[in-house]
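Report on one structure; see the data block that follows.
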Amino acid sequence: MAKKRMQDLVNIWKDKTITLQLKIKIMKTLVWTVMTYGAEGWTIKKKQEKKINSTEMWFYRRLLRISWRERRTDQNILEELNEERKLLNYIKKRKLTFFGHTCRSKCTLMKNILQGRMEGKRQRGRPRINYFDNIKSWTQMTTREIYDVILERDVWRQMVHEAVRAANVLGNDAG
């Protein structure tokens, strides 16, 4: 749906009177909101991270009207736009914020669902990555530490900013 929205805005991308920075703001406002709808509930695995990053680059390429046949690197396009990859970090921030909000709420059913607590035995084999595994890996904290920090809203907000900032630094080193 987000790609369809991007293609629907082709007249804006072709318009030479609109500055590049304004086009980026329009894309983030009109396209990213469609892309990230419901992202708070996603369990993000490595495969999904790659898809999100490639979709973000597809958006930038469409914005600049660059064909895949031009064989330009992602880094080259990001330098031309004077941008960094931000879509995945935007999703991580939304997810961490939502998790903190729901854990502070009174609804125990929602907490149990997000924490992945279920009665009975789990299946054989390697445990699947769940929602809470994403939270632990992004914050680099244990379960007990997370629940202690969540109760302090301002501390959790600071922790979310640090986690997203660390993910941004790691993403820039890898890409």
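All residue names refer to the structure tokens as shown: chains lettered A, B, ... in order, residues numbered from 1 in each chain, ligands numbered from 1 in order.
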Enumerate, in order of chain and increasing residue number, the residues of stretch 39-87 of chain A with an atom no farther than 8 Å from stretch 126-146 of chain A, each with its shortest atom pair and distance in Å to one decimal, counting only C-alpha atoms, as CSV.
residue,atom,partner,partner_atom,distance
A:Gly41,CA,A:Tyr131,CA,7.7
A:Trp42,CA,A:Tyr131,CA,7.1
A:Thr43,CA,A:Tyr131,CA,4.9
A:Ile44,CA,A:Asn134,CA,6.9
A:Lys45,CA,A:Ile129,CA,7.2
Would you mind listing what lies within 9 Å of A:Leu88 as number ranges by chain, with only C-alpha atoms counted and same-chain residues fewer than 4 positions away left out? A: 49, 52-53, 56, 92-93
Under the rule that only C-alpha atoms are counted, which of A:Val149, A:Leu20, A:Met1, A:Ala39 is the nearest residue to A:Asn89?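 The closest residue to A:Asn89 is A:Ala39.
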Selected residue, from A:Asp148, A:Asp74, A:Asp15, A:Glu84, that lies nearest to A:Cys103 when counting only C-alpha atoms: A:Asp148
Distance in Å - atom CA of A:Leu63 versus atom CA of A:Leu9: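 About the pair atom CA of A:Leu63 and atom CA of A:Leu9: they are 9.3 Å apart.
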If DSSP is run on the backbone, what residues of stretch 40-105 of chain A are helix (DSSP H, G or I)? A reply as a ChimeraX atom specification would be ideal. /A:40-41,46-64,68-70,74-81,87-104
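Distances to A:Trp32 were evaluated for A:Phe99, A:Trp156, A:Tyr90, A:Tyr147 using only C-alpha atoms, and the minimum falls at A:Tyr90.
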Near A:His101, within 12 Å and counting only C-alpha atoms, which residues show up once chain neighbours fewer than 2 positions away are dropped, as a PyMOL selection string? chain A and resi 40+94-99+103-107+110-111+114+147+150-154+156-157+160
Which one is closest to A:Trp58: A:Val164, A:Ala2, A:Ile18, A:Met159? Count only C-alpha atoms. A:Ala2
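Comparing A:Gln7, A:Asn76, A:Gln158, A:Thr108 by their smallest distance to A:Phe59, the closest is A:Gln7 (using only C-alpha atoms).
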